[in-house]
$ cat entry_29.cif   # mmCIF, C-alpha atoms
data_target
loop_
_atom_site.label_atom_id
_atom_site.label_comp_id
_atom_site.auth_asym_id
_atom_site.auth_seq_id
_atom_site.Cartn_x
_atom_site.Cartn_y
_atom_site.Cartn_z
CA MET A 515 0.00 0.00 0.00
CA PHE A 516 2.77 2.46 0.93
CA VAL A 517 4.59 1.59 -2.32
CA ALA A 518 1.47 2.40 -4.32
CA ILE A 519 1.08 5.70 -2.49
CA GLN A 520 4.72 6.60 -3.12
CA GLN A 521 4.38 5.79 -6.83
CA LYS A 522 1.33 8.04 -6.99
CA LEU A 523 3.22 10.82 -5.24
CA ASN A 524 6.13 10.50 -7.65
CA SER A 525 3.87 10.60 -10.70
CA HIS A 526 2.01 13.69 -9.51
CA PRO A 527 4.41 16.46 -8.40
CA VAL A 528 1.53 18.48 -6.89
CA TYR A 529 1.81 16.07 -3.97
CA ASN A 530 4.79 17.80 -2.38
CA ILE A 531 6.61 17.31 0.92
CA ASN A 532 3.97 19.31 2.80
CA PHE A 533 1.27 16.93 1.59
CA ILE A 534 3.35 13.90 2.60
CA LEU A 535 4.05 15.31 6.07
CA MET A 536 0.39 16.15 6.56
CA CYS A 537 -0.63 12.61 5.62
CA MET A 538 1.89 11.15 8.07
CA SER A 539 0.64 13.43 10.85
CA THR A 540 -2.95 12.49 10.10
CA LEU A 541 -2.15 8.77 10.20
CA LEU A 542 -0.64 9.08 13.68
CA PHE A 543 -3.44 11.35 14.86
CA ALA A 544 -6.12 8.93 13.68
CA ALA A 545 -4.34 5.99 15.31
CA SER A 546 -4.06 7.93 18.56
CA PHE A 547 -7.73 8.59 19.28
CA ASN A 548 -9.11 5.49 17.52
CA MET A 549 -6.83 3.25 19.58
CA MET A 550 -9.11 3.71 22.55
CA ILE A 551 -12.52 3.15 20.98
CA PRO A 552 -12.88 -0.68 21.21
CA GLU A 553 -11.83 -0.76 24.87
CA LEU A 554 -13.69 2.22 26.31
CA PRO A 555 -17.15 0.63 26.77
CA ALA A 556 -15.76 -2.20 28.91
CA TYR A 557 -13.44 0.23 30.71
CA LEU A 558 -16.35 2.50 31.62
CA SER A 559 -18.29 -0.53 32.90
CA SER A 560 -15.31 -1.47 35.08
CA LEU A 561 -15.45 2.01 36.61
CA GLY A 562 -19.13 1.48 37.44
CA GLY A 563 -20.57 3.58 34.62
CA ALA A 564 -22.16 1.02 32.28
CA GLU A 565 -25.32 3.12 31.96
CA TYR A 566 -23.25 5.98 30.52
CA LYS A 567 -21.84 4.12 27.50
CA GLY A 568 -23.76 6.35 25.11
CA PHE A 569 -21.81 9.32 26.48
CA ILE A 570 -18.42 7.87 25.45
CA ILE A 571 -18.92 9.10 21.90
CA ALA A 572 -21.65 11.70 22.54
CA LEU A 573 -19.49 13.85 24.85
CA PHE A 574 -16.53 13.55 22.49
CA THR A 575 -18.58 14.74 19.54
CA LEU A 576 -20.28 17.48 21.58
CA THR A 577 -17.07 19.42 22.15
CA ALA A 578 -15.84 18.54 18.67
CA GLY A 579 -18.97 20.17 17.26
CA ILE A 580 -18.84 23.16 19.61
CA SER A 581 -15.22 23.83 18.69
CA ARG A 582 -15.81 23.74 14.91
CA PRO A 583 -16.84 27.40 14.51
CA PHE A 584 -13.74 28.44 16.47
CA SER A 585 -11.42 26.12 14.52
CA GLY A 586 -12.94 27.22 11.21
CA LYS A 587 -12.50 30.92 12.00
CA LEU A 588 -8.99 30.50 13.42
CA THR A 589 -7.97 28.35 10.44
CA ASP A 590 -8.90 31.23 8.13
CA LYS A 591 -7.26 33.85 10.39
CA ILE A 592 -4.08 32.60 12.08
CA GLY A 593 -3.18 29.66 9.85
CA ARG A 594 -3.77 26.01 9.07
CA VAL A 595 -0.75 24.48 10.82
CA PRO A 596 -1.30 25.95 14.32
CA ILE A 597 -4.90 24.69 14.35
CA MET A 598 -3.83 21.21 13.26
CA ALA A 599 -1.29 21.24 16.10
CA ILE A 600 -3.95 22.07 18.70
CA GLY A 601 -5.88 18.93 17.78
CA SER A 602 -2.85 16.68 18.26
CA ILE A 603 -1.86 18.41 21.51
CA VAL A 604 -5.29 17.65 23.01
CA CYS A 605 -4.88 13.94 22.14
CA PHE A 606 -1.44 13.94 23.75
CA VAL A 607 -2.64 15.48 27.02
CA CYS A 608 -5.79 13.35 27.31
CA GLY A 609 -3.87 10.12 26.74
CA ILE A 610 -1.72 10.93 29.77
CA LEU A 611 -4.69 11.86 31.97
CA TYR A 612 -6.97 8.84 31.40
CA PRO A 613 -4.96 6.66 33.86
CA VAL A 614 -5.04 9.51 36.40
CA LEU A 615 -8.76 10.40 36.40
CA THR A 616 -10.25 6.99 37.16
CA SER A 617 -13.71 7.94 38.43
CA VAL A 618 -16.75 7.84 36.16
CA SER A 619 -17.06 11.64 36.33
CA GLY A 620 -13.34 12.05 35.61
CA PHE A 621 -13.56 9.73 32.61
CA LEU A 622 -16.59 11.54 31.18
CA PHE A 623 -14.86 14.88 31.70
CA LEU A 624 -11.87 13.66 29.69
CA ARG A 625 -14.12 12.43 26.89
CA LEU A 626 -15.56 15.95 26.79
CA ILE A 627 -12.10 17.52 26.56
CA HIS A 628 -10.79 14.90 24.13
CA GLY A 629 -13.41 15.96 21.58
CA PHE A 630 -11.57 19.22 20.97
CA SER A 631 -8.93 17.18 19.10
CA THR A 632 -11.18 16.27 16.18
CA GLY A 633 -12.82 19.67 16.41
CA PHE A 634 -9.58 21.32 15.35
CA LYS A 635 -7.27 19.11 13.30
CA PRO A 636 -9.54 17.81 10.47
CA THR A 637 -10.98 21.29 9.81
CA ALA A 638 -7.55 22.82 9.22
CA THR A 639 -6.33 19.75 7.34
CA ALA A 640 -9.06 19.96 4.70
CA ALA A 641 -8.39 23.68 4.18
CA TYR A 642 -4.66 22.93 3.87
CA ILE A 643 -5.31 20.36 1.14
CA ALA A 644 -7.47 22.82 -0.78
CA ASP A 645 -4.61 25.35 -0.58
CA ILE A 646 -1.89 23.10 -2.00
CA ILE A 647 -3.81 20.93 -4.52
CA PRO A 648 -5.38 22.14 -7.81
CA ARG A 649 -9.17 22.38 -7.70
CA GLU A 650 -9.72 19.73 -10.36
CA ARG A 651 -7.95 17.15 -8.20
CA TRP A 652 -9.41 17.86 -4.77
CA GLY A 653 -11.38 14.62 -4.69
CA GLU A 654 -8.29 12.63 -5.66
CA ALA A 655 -6.11 14.30 -3.04
CA LEU A 656 -8.74 13.97 -0.31
CA GLY A 657 -9.07 10.31 -1.21
CA LEU A 658 -5.31 9.77 -0.94
CA HIS A 659 -5.22 11.64 2.36
CA GLY A 660 -8.17 9.54 3.49
CA ILE A 661 -6.14 6.39 2.87
CA CYS A 662 -3.64 7.58 5.46
CA PHE A 663 -6.46 8.38 7.87
CA SER A 664 -7.86 4.89 7.27
CA ILE A 665 -4.49 3.29 7.92
CA GLY A 666 -4.44 5.10 11.26
CA MET A 667 -7.98 3.94 11.99
CA ALA A 668 -7.00 0.35 11.17
CA ILE A 669 -3.78 0.39 13.18
CA GLY A 670 -5.34 2.15 16.17
CA PRO A 671 -8.11 -0.26 17.27
CA ALA A 672 -6.04 -3.35 16.49
CA LEU A 673 -3.04 -2.06 18.41
CA GLY A 674 -5.15 -0.72 21.26
CA SER A 675 -6.97 -4.00 21.82
CA THR A 676 -3.74 -5.99 21.55
CA ILE A 677 -1.91 -3.80 24.07
CA THR A 678 -4.84 -3.98 26.49
CA LEU A 679 -5.11 -7.75 26.07
CA TYR A 680 -1.43 -8.49 26.68
CA SER A 681 -0.42 -5.56 28.90
CA SER A 682 -2.91 -3.12 30.42
CA ILE A 683 -5.35 -0.42 29.43
CA ASN A 684 -3.09 2.21 31.00
CA THR A 685 -0.28 1.14 28.68
CA MET A 686 -2.70 1.58 25.81
CA PHE A 687 -3.56 5.11 26.98
CA PHE A 688 0.12 6.07 27.15
CA THR A 689 0.75 4.58 23.69
CA SER A 690 -2.11 6.69 22.34
CA SER A 691 -0.46 9.77 23.84
CA PHE A 692 2.88 8.86 22.24
CA PHE A 693 1.30 8.59 18.79
CA ALA A 694 -0.23 12.06 19.25
CA LEU A 695 3.19 13.45 20.25
CA MET A 696 4.73 12.14 17.02
CA SER A 697 1.90 13.76 15.07
CA ILE A 698 2.75 17.10 16.70
CA LEU A 699 6.46 16.83 15.91
CA ILE A 700 5.72 16.26 12.22
CA LEU A 701 3.56 19.39 12.07
CA PHE A 702 6.50 21.55 13.15
CA ASN A 703 8.16 20.79 9.78
CA MET A 704 5.20 21.84 7.64
CA LYS A 705 5.03 25.11 5.73
CA GLU A 706 2.06 27.37 6.45
CA THR A 707 -0.19 27.99 3.40
CA LEU A 708 -2.41 30.82 4.62
CA VAL A 709 -1.13 33.98 2.93
CA LYS A 710 -2.88 36.70 4.92
CA LYS A 711 -2.21 35.57 8.47
CA GLU A 712 -3.18 37.41 11.62
CA LYS A 713 -1.62 37.16 15.05
CA PHE A 714 -3.80 35.46 17.60
CA ARG A 715 -5.81 37.76 19.82
CA VAL A 716 -8.62 37.07 22.23
CA GLY A 717 -11.05 38.92 19.97
CA LEU A 718 -10.77 36.14 17.40
CA LEU A 719 -12.56 33.83 19.83
CA LYS A 720 -15.68 35.95 19.58
CA ILE A 721 -18.05 34.01 17.35
CA SER A 722 -20.97 35.60 15.53
CA LYS A 723 -23.78 33.87 13.65
CA LYS A 724 -21.96 34.27 10.35
CA ASP A 725 -18.95 32.42 11.77
CA VAL A 726 -20.93 29.31 12.73
CA PHE A 727 -22.36 28.14 9.41
CA ALA A 728 -21.44 28.56 5.77
CA LYS A 729 -24.91 28.46 4.21
CA GLU A 730 -23.55 27.38 0.86
CA ALA A 731 -22.21 24.16 2.43
CA LEU A 732 -25.49 23.10 4.07
CA PRO A 733 -26.47 20.47 1.43
CA ALA A 734 -23.22 18.59 1.99
CA ALA A 735 -23.59 19.10 5.74
CA LEU A 736 -27.08 17.58 5.78
CA ILE A 737 -25.96 14.41 3.98
CA THR A 738 -22.98 14.19 6.31
CA PHE A 739 -25.29 14.41 9.32
CA LEU A 740 -27.68 11.72 8.06
CA SER A 741 -24.91 9.31 7.09
CA TYR A 742 -22.96 9.66 10.34
CA VAL A 743 -25.84 8.90 12.72
CA ALA A 744 -25.14 5.25 11.94
CA TYR A 745 -21.46 5.69 12.75
CA GLY A 746 -22.27 7.05 16.20
CA ALA A 747 -24.47 4.03 16.90
CA ILE A 748 -21.80 1.65 15.65
CA LEU A 749 -19.05 3.19 17.76
CA THR A 750 -21.26 2.69 20.82
CA LEU A 751 -22.58 -0.81 20.12
CA ILE A 752 -20.07 -2.70 17.99
CA PRO A 753 -17.44 -3.40 20.70
CA ASP A 754 -20.02 -5.26 22.85
CA TRP A 755 -21.66 -6.80 19.77
CA THR A 756 -18.28 -8.04 18.53
CA GLU A 757 -17.58 -9.75 21.85
CA TYR A 758 -21.10 -11.25 21.88
CA LEU A 759 -20.51 -12.79 18.45
CA GLY A 760 -17.39 -14.56 19.74
CA PHE A 761 -14.45 -12.35 18.74
CA GLU A 762 -11.75 -11.92 21.38
CA ASN A 763 -10.33 -8.75 19.81
CA LYS A 764 -12.98 -6.02 19.93
CA GLY A 765 -11.22 -4.11 17.16
CA VAL A 766 -12.05 -6.68 14.45
CA PHE A 767 -14.91 -4.69 12.92
CA PHE A 768 -12.86 -1.50 12.89
CA ILE A 769 -9.96 -3.29 11.23
CA VAL A 770 -12.17 -4.70 8.47
CA PHE A 771 -14.05 -1.53 7.69
CA THR A 772 -10.99 0.73 7.73
CA ILE A 773 -8.98 -1.57 5.46
CA SER A 774 -11.83 -1.82 2.93
CA SER A 775 -12.33 1.94 3.18
CA MET A 776 -8.64 2.50 2.57
CA LEU A 777 -8.70 0.40 -0.60
CA VAL A 778 -11.38 2.50 -2.33
CA ARG A 779 -10.82 6.06 -1.07
CA PHE A 780 -8.32 7.22 -3.67
CA PHE A 781 -10.25 5.80 -6.61
CA ALA A 782 -13.59 7.07 -5.29
CA GLY A 783 -12.18 10.56 -4.86
CA LYS A 784 -10.74 10.55 -8.37
CA ILE A 785 -14.03 9.31 -9.83
CA SER A 786 -15.87 12.12 -8.05
CA ASP A 787 -13.53 14.58 -9.82
CA GLN A 788 -14.31 13.03 -13.19
CA LYS A 789 -17.96 11.94 -12.92
CA GLY A 790 -19.33 14.32 -10.29
CA ARG A 791 -19.80 14.27 -6.54
CA VAL A 792 -23.55 13.61 -6.60
CA LEU A 793 -23.34 10.26 -8.39
CA VAL A 794 -20.58 9.03 -6.08
CA ILE A 795 -22.46 10.15 -2.96
CA LYS A 796 -25.62 8.33 -4.07
CA ILE A 797 -23.64 5.13 -4.59
CA GLY A 798 -21.98 5.52 -1.20
CA LEU A 799 -25.32 5.98 0.57
CA ALA A 800 -26.81 2.93 -1.13
CA LEU A 801 -23.88 0.77 -0.02
CA LEU A 802 -24.11 2.18 3.50
CA ILE A 803 -27.72 1.02 3.72
CA VAL A 804 -26.73 -2.45 2.47
CA ALA A 805 -23.94 -2.63 5.06
CA LEU A 806 -26.30 -1.79 7.93
CA ILE A 807 -28.86 -4.36 6.77
CA LEU A 808 -26.11 -7.00 6.69
CA LEU A 809 -24.97 -6.09 10.21
CA GLY A 810 -28.47 -6.27 11.62
CA SER A 811 -29.76 -9.35 9.80
CA ILE A 812 -26.75 -11.72 9.82
CA GLN A 813 -26.01 -12.11 13.51
CA SER A 814 -22.78 -14.08 13.26
CA LYS A 815 -19.06 -13.61 12.79
CA LEU A 816 -19.61 -13.73 9.02
CA GLY A 817 -22.28 -11.05 9.24
CA LEU A 818 -19.96 -8.77 11.20
CA ILE A 819 -17.15 -9.23 8.67
CA LEU A 820 -19.41 -8.74 5.63
CA GLY A 821 -21.11 -5.75 7.20
CA GLY A 822 -17.77 -4.21 8.12
CA LEU A 823 -16.44 -4.82 4.60
CA VAL A 824 -19.35 -3.11 2.85
CA TYR A 825 -19.51 -0.37 5.51
CA GLY A 826 -15.86 0.42 4.85
CA ILE A 827 -16.41 0.57 1.10
CA SER A 828 -19.34 2.94 1.57
CA GLY A 829 -17.32 5.15 3.91
CA GLY A 830 -14.37 5.17 1.52
CA ILE A 831 -16.69 6.36 -1.23
CA LEU A 832 -18.61 8.93 0.80
CA SER A 833 -15.84 10.61 2.75
CA PRO A 834 -13.67 12.12 -0.04
CA ALA A 835 -16.75 12.96 -2.12
CA LEU A 836 -18.48 14.79 0.75
CA ASN A 837 -15.29 16.64 1.65
CA ALA A 838 -14.71 17.69 -1.95
CA TRP A 839 -18.38 18.62 -2.38
CA THR A 840 -18.11 20.89 0.65
CA ILE A 841 -15.01 22.58 -0.78
CA ASP A 842 -16.79 22.92 -4.15
CA PHE A 843 -19.45 24.96 -2.37
CA SER A 844 -16.99 27.06 -0.37
CA LYS A 845 -15.50 30.46 -1.06
CA PRO A 846 -11.68 30.51 -1.25
CA ASP A 847 -11.29 32.77 1.79
CA GLU A 848 -13.84 30.81 3.85
CA ARG A 849 -12.76 27.22 3.35
CA GLY A 850 -12.18 26.76 7.05
CA LYS A 851 -15.73 27.87 7.82
CA ALA A 852 -17.20 25.62 5.13
CA MET A 853 -15.32 22.59 6.41
CA ALA A 854 -16.30 23.49 9.96
CA THR A 855 -19.95 23.51 8.88
CA MET A 856 -19.64 20.04 7.42
CA TYR A 857 -17.79 18.73 10.46
CA ILE A 858 -20.34 20.24 12.86
CA ALA A 859 -22.97 18.21 11.02
CA MET A 860 -20.77 15.12 11.23
CA GLU A 861 -20.24 15.50 14.97
CA ALA A 862 -23.96 16.14 15.49
CA GLY A 863 -24.79 12.96 13.60
CA ILE A 864 -22.25 10.86 15.48
CA GLY A 865 -23.25 12.34 18.83
CA LEU A 866 -26.99 11.85 18.26
CA GLY A 867 -26.46 8.31 17.01
CA ALA A 868 -24.26 7.42 19.98
CA LEU A 869 -26.53 9.03 22.57
CA CYS A 870 -29.72 7.42 21.26
CA ALA A 871 -28.05 4.04 20.77
CA GLY A 872 -26.62 4.06 24.28
CA TRP A 873 -29.93 5.17 25.80
CA TYR A 874 -31.86 2.37 24.06
CA PHE A 875 -29.18 -0.33 24.32
CA GLN A 876 -28.35 -0.39 28.05
CA ASP A 877 -26.44 -3.68 27.63
CA TYR A 878 -29.46 -5.54 26.15
CA LEU A 879 -27.82 -7.17 23.14
CA ASP A 880 -31.11 -8.17 21.51
CA ARG A 881 -31.75 -4.44 20.94
CA VAL A 882 -28.70 -3.96 18.70
CA PRO A 883 -30.36 -4.98 15.37
CA MET A 884 -33.21 -2.49 15.87
CA VAL A 885 -30.76 0.37 16.38
CA ILE A 886 -28.92 -0.63 13.20
CA TYR A 887 -32.14 -0.83 11.16
CA VAL A 888 -33.23 2.63 12.30
CA SER A 889 -29.80 3.94 11.29
CA ALA A 890 -30.33 2.43 7.82
CA LEU A 891 -33.70 4.21 7.56
CA ILE A 892 -32.04 7.54 8.36
CA CYS A 893 -29.48 6.92 5.60
CA PHE A 894 -32.35 6.19 3.21
CA ILE A 895 -33.78 9.64 3.94
CA GLY A 896 -30.42 11.07 2.84
CA THR A 897 -30.63 9.11 -0.40
CA ILE A 898 -34.06 10.57 -1.12
CA TYR A 899 -32.72 14.09 -0.47
CA MET A 900 -29.88 13.57 -2.97
CA LEU A 901 -32.37 13.02 -5.79
CA ARG A 902 -32.87 16.78 -5.99
CA PHE A 903 -29.28 17.34 -7.21
CA LYS A 904 -28.02 16.87 -10.72
CA ASN A 905 -24.86 14.86 -11.22
CA LYS A 906 -22.24 17.57 -11.59
CA PRO A 907 -19.68 19.19 -9.26
CA GLN A 908 -21.25 22.03 -7.30
CA THR A 909 -19.24 25.26 -7.50
CA ILE A 910 -19.61 28.81 -6.32
#
$ encode --input "entry_29.cif" --output "structure tokens"
Amino acid sequence: MFVAIQQKLNSHPVYNINFILMCMSTLLFAASFNMMIPELPAYLSSLGGAEYKGFIIALFTLTAGISRPFSGKLTDKIGRVPIMAIGSIVCFVCGILYPVLTSVSGFLFLRLIHGFSTGFKPTATAAYIADIIPRERWGEALGLHGICFSIGMAIGPALGSTITLYSSINTMFFTSSFFALMSILILFNMKETLVKKEKFRVGLLKISKKDVFAKEALPAALITFLSYVAYGAILTLIPDWTEYLGFENKGVFFIVFTISSMLVRFFAGKISDQKGRVLVIKIGLALLIVALILLGSIQSKLGLILGGLVYGISGGILSPALNAWTIDFSKPDERGKAMATMYIAMEAGIGLGALCAGWYFQDYLDRVPMVIYVSALICFIGTIYMLRFKNKPQTI
């Protein structure tokens, strides 16, 4: 896989050293916070907070969503690189503190703080890509970058579960922190791309209505919201469901879906450049519905693997297309705000899905299929909404 990526980089000189460094930083960042996901439900239960499992993801996404308007504005004002660094720094600090704050309230507080990481880094990253890559190849570049994110997502859960199984969960937390530290160090070598930079001042933290949403990006944001409700439910339920189906490693589903996602991201992004975002998004939504039906109806190890495989393919198709569609809508000097709008919708979808799934689930495994089927219905609503758009890239 890395050889293929390197060959692609060599054949396309627009992928310069800054792009390579950003991809490496993203890989480590993704591995850092995803490393924890399979183990957190059981860990929270061990602390005496089983009834709060829905908050593991919901609190994380709450602060991620709240921070988006700030990260979007600061990305467009003080620069892309500093905002990316903030996201990695939060992961580094939280990884160290999880073994220290061992009460249920302390854990939930850290999940709230940890959410600032994804509230900052992805927003600035997408704007950075749009700065250094020609417009006609945004989908391709976002797909290639997404491969690195997927590698991190695949490495993280597998490594996290393995470390916890053979060492301890505290060792896993410290390893997560180390990965975030390496992500930070890489960022120090990246060149800033924002031309008209401002020095940070407290006044920049004042957010008005116009700073919260980029109205032109709302169509992409709505589809993002509807498609990520299912992801929030999966993050909450799949670790327990995986164990129920007989897998020892709770990261199996995450490994399968991230690897399959990784294999299609680059090609899906490139196709969206050539054939249009709308067509690719419709295909991605259809496959997402199929994946959820497989997960809910085939209650076995095979069903989990097949569902994870198709889910990963759908995510690999949707992610670069939705990101590129958002940038298509955006104004050049407001790319940070446009991406923040899309990511706010993503966090809202994940948070709502996680909160509702956790509230309904409450460790009753026979309720898992119903949650998954409802998630599929929500994705179907998104498919219906997409029928209003013609198959062509949306531009301002």
$ residues_around --input "entry_29.cif" --residues "Gly674 (chain A)" --least-positions-apart "5" --cutoff "8 Å" --atoms "all atoms listed in the file" --output "number ranges by chain"
A: 549-550, 552-553, 686
$ resolve_selection --input "entry_29.cif" --expression "the PyMOL selection byres ((chain A and resi 828-833) around 10)" --output "ChimeraX atom specification"
/A:653,656-657,660-661,664,737-738,741-742,745,771-783,785-786,791,794-805,822-827,834-839
$ resolve_selection --input "entry_29.cif" --expression "the PyMOL selection byres ((chain A and resi 818) around 12)" --output "PyMOL selection string"
chain A and resi 748+752-753+755-761+764-771+805-817+819-826+883
$ resolve_selection --input "entry_29.cif" --expression "the PyMOL selection byres ((chain A and resi 613) around 12)" --output "VMD selection string"
chain A and resid 557 561 607 to 612 614 to 617 620 to 621 624 682 to 691
$ atom_distance --input "entry_29.cif" --atom1 "CA of Ser560 (chain A)" --atom2 "CA of Thr678 (chain A)"
13.8 Å
$ decode --input "entry_29.cif" --residues "region 758-766 of chain A" --atoms "all heavy atoms" --output "PDB file, in the first residue's frame"
ATOM      1  N   TYR A 758     -19.941 -10.348  21.812  1.00  0.00           N
ATOM      2  CA  TYR A 758     -21.103 -11.246  21.878  1.00  0.00           C
ATOM      3  C   TYR A 758     -21.058 -12.287  20.759  1.00  0.00           C
ATOM      4  O   TYR A 758     -21.441 -13.446  20.951  1.00  0.00           O
ATOM      5  CB  TYR A 758     -22.379 -10.421  21.786  1.00  0.00           C
ATOM      6  CG  TYR A 758     -23.630 -11.217  21.534  1.00  0.00           C
ATOM      7  CD1 TYR A 758     -24.198 -12.005  22.542  1.00  0.00           C
ATOM      8  CD2 TYR A 758     -24.261 -11.179  20.288  1.00  0.00           C
ATOM      9  CE1 TYR A 758     -25.358 -12.741  22.307  1.00  0.00           C
ATOM     10  CE2 TYR A 758     -25.423 -11.901  20.052  1.00  0.00           C
ATOM     11  CZ  TYR A 758     -25.958 -12.682  21.051  1.00  0.00           C
ATOM     12  OH  TYR A 758     -27.103 -13.406  20.819  1.00  0.00           O
ATOM     13  N   LEU A 759     -20.568 -11.873  19.592  1.00  0.00           N
ATOM     14  CA  LEU A 759     -20.507 -12.786  18.450  1.00  0.00           C
ATOM     15  C   LEU A 759     -19.319 -13.742  18.515  1.00  0.00           C
ATOM     16  O   LEU A 759     -19.186 -14.622  17.648  1.00  0.00           O
ATOM     17  CB  LEU A 759     -20.458 -11.990  17.138  1.00  0.00           C
ATOM     18  CG  LEU A 759     -21.722 -11.169  16.814  1.00  0.00           C
ATOM     19  CD1 LEU A 759     -21.523 -10.363  15.536  1.00  0.00           C
ATOM     20  CD2 LEU A 759     -22.949 -12.077  16.689  1.00  0.00           C
ATOM     21  N   GLY A 760     -18.446 -13.584  19.513  1.00  0.00           N
ATOM     22  CA  GLY A 760     -17.385 -14.565  19.737  1.00  0.00           C
ATOM     23  C   GLY A 760     -15.985 -14.125  19.382  1.00  0.00           C
ATOM     24  O   GLY A 760     -15.050 -14.935  19.432  1.00  0.00           O
ATOM     25  N   PHE A 761     -15.792 -12.840  19.041  1.00  0.00           N
ATOM     26  CA  PHE A 761     -14.449 -12.352  18.742  1.00  0.00           C
ATOM     27  C   PHE A 761     -13.755 -11.919  20.035  1.00  0.00           C
ATOM     28  O   PHE A 761     -14.349 -11.228  20.863  1.00  0.00           O
ATOM     29  CB  PHE A 761     -14.492 -11.171  17.779  1.00  0.00           C
ATOM     30  CG  PHE A 761     -14.828 -11.547  16.360  1.00  0.00           C
ATOM     31  CD1 PHE A 761     -16.097 -11.299  15.853  1.00  0.00           C
ATOM     32  CD2 PHE A 761     -13.866 -12.126  15.544  1.00  0.00           C
ATOM     33  CE1 PHE A 761     -16.406 -11.627  14.544  1.00  0.00           C
ATOM     34  CE2 PHE A 761     -14.171 -12.452  14.229  1.00  0.00           C
ATOM     35  CZ  PHE A 761     -15.444 -12.211  13.732  1.00  0.00           C
ATOM     36  N   GLU A 762     -12.507 -12.324  20.202  1.00  0.00           N
ATOM     37  CA  GLU A 762     -11.751 -11.916  21.383  1.00  0.00           C
ATOM     38  C   GLU A 762     -11.264 -10.480  21.263  1.00  0.00           C
ATOM     39  O   GLU A 762     -11.276  -9.721  22.224  1.00  0.00           O
ATOM     40  CB  GLU A 762     -10.553 -12.857  21.591  1.00  0.00           C
ATOM     41  CG  GLU A 762      -9.804 -12.628  22.888  1.00  0.00           C
ATOM     42  CD  GLU A 762      -8.675 -13.621  23.107  1.00  0.00           C
ATOM     43  OE1 GLU A 762      -7.957 -13.891  22.121  1.00  0.00           O
ATOM     44  OE2 GLU A 762      -8.520 -14.122  24.227  1.00  0.00           O
ATOM     45  N   ASN A 763     -10.815 -10.110  20.055  1.00  0.00           N
ATOM     46  CA  ASN A 763     -10.333  -8.752  19.806  1.00  0.00           C
ATOM     47  C   ASN A 763     -11.509  -7.869  19.392  1.00  0.00           C
ATOM     48  O   ASN A 763     -12.118  -8.072  18.345  1.00  0.00           O
ATOM     49  CB  ASN A 763      -9.263  -8.767  18.703  1.00  0.00           C
ATOM     50  CG  ASN A 763      -8.542  -7.441  18.564  1.00  0.00           C
ATOM     51  OD1 ASN A 763      -9.147  -6.383  18.637  1.00  0.00           O
ATOM     52  ND2 ASN A 763      -7.235  -7.496  18.360  1.00  0.00           N
ATOM     53  N   LYS A 764     -11.826  -6.869  20.196  1.00  0.00           N
ATOM     54  CA  LYS A 764     -12.981  -6.016  19.928  1.00  0.00           C
ATOM     55  C   LYS A 764     -12.748  -5.054  18.769  1.00  0.00           C
ATOM     56  O   LYS A 764     -13.669  -4.352  18.349  1.00  0.00           O
ATOM     57  CB  LYS A 764     -13.329  -5.220  21.187  1.00  0.00           C
ATOM     58  CG  LYS A 764     -13.764  -6.083  22.360  1.00  0.00           C
ATOM     59  CD  LYS A 764     -13.989  -5.229  23.591  1.00  0.00           C
ATOM     60  CE  LYS A 764     -14.282  -6.086  24.813  1.00  0.00           C
ATOM     61  NZ  LYS A 764     -14.421  -5.270  26.033  1.00  0.00           N
ATOM     62  N   GLY A 765     -11.529  -5.007  18.261  1.00  0.00           N
ATOM     63  CA  GLY A 765     -11.221  -4.110  17.155  1.00  0.00           C
ATOM     64  C   GLY A 765     -11.412  -4.725  15.785  1.00  0.00           C
ATOM     65  O   GLY A 765     -11.118  -4.086  14.774  1.00  0.00           O
ATOM     66  N   VAL A 766     -11.929  -5.971  15.727  1.00  0.00           N
ATOM     67  CA  VAL A 766     -12.051  -6.679  14.446  1.00  0.00           C
ATOM     68  C   VAL A 766     -12.875  -5.893  13.439  1.00  0.00           C
ATOM     69  O   VAL A 766     -12.473  -5.718  12.275  1.00  0.00           O
ATOM     70  CB  VAL A 766     -12.665  -8.084  14.658  1.00  0.00           C
ATOM     71  CG1 VAL A 766     -13.063  -8.702  13.321  1.00  0.00           C
ATOM     72  CG2 VAL A 766     -11.696  -8.992  15.379  1.00  0.00           C
TER      73      VAL A 766
END
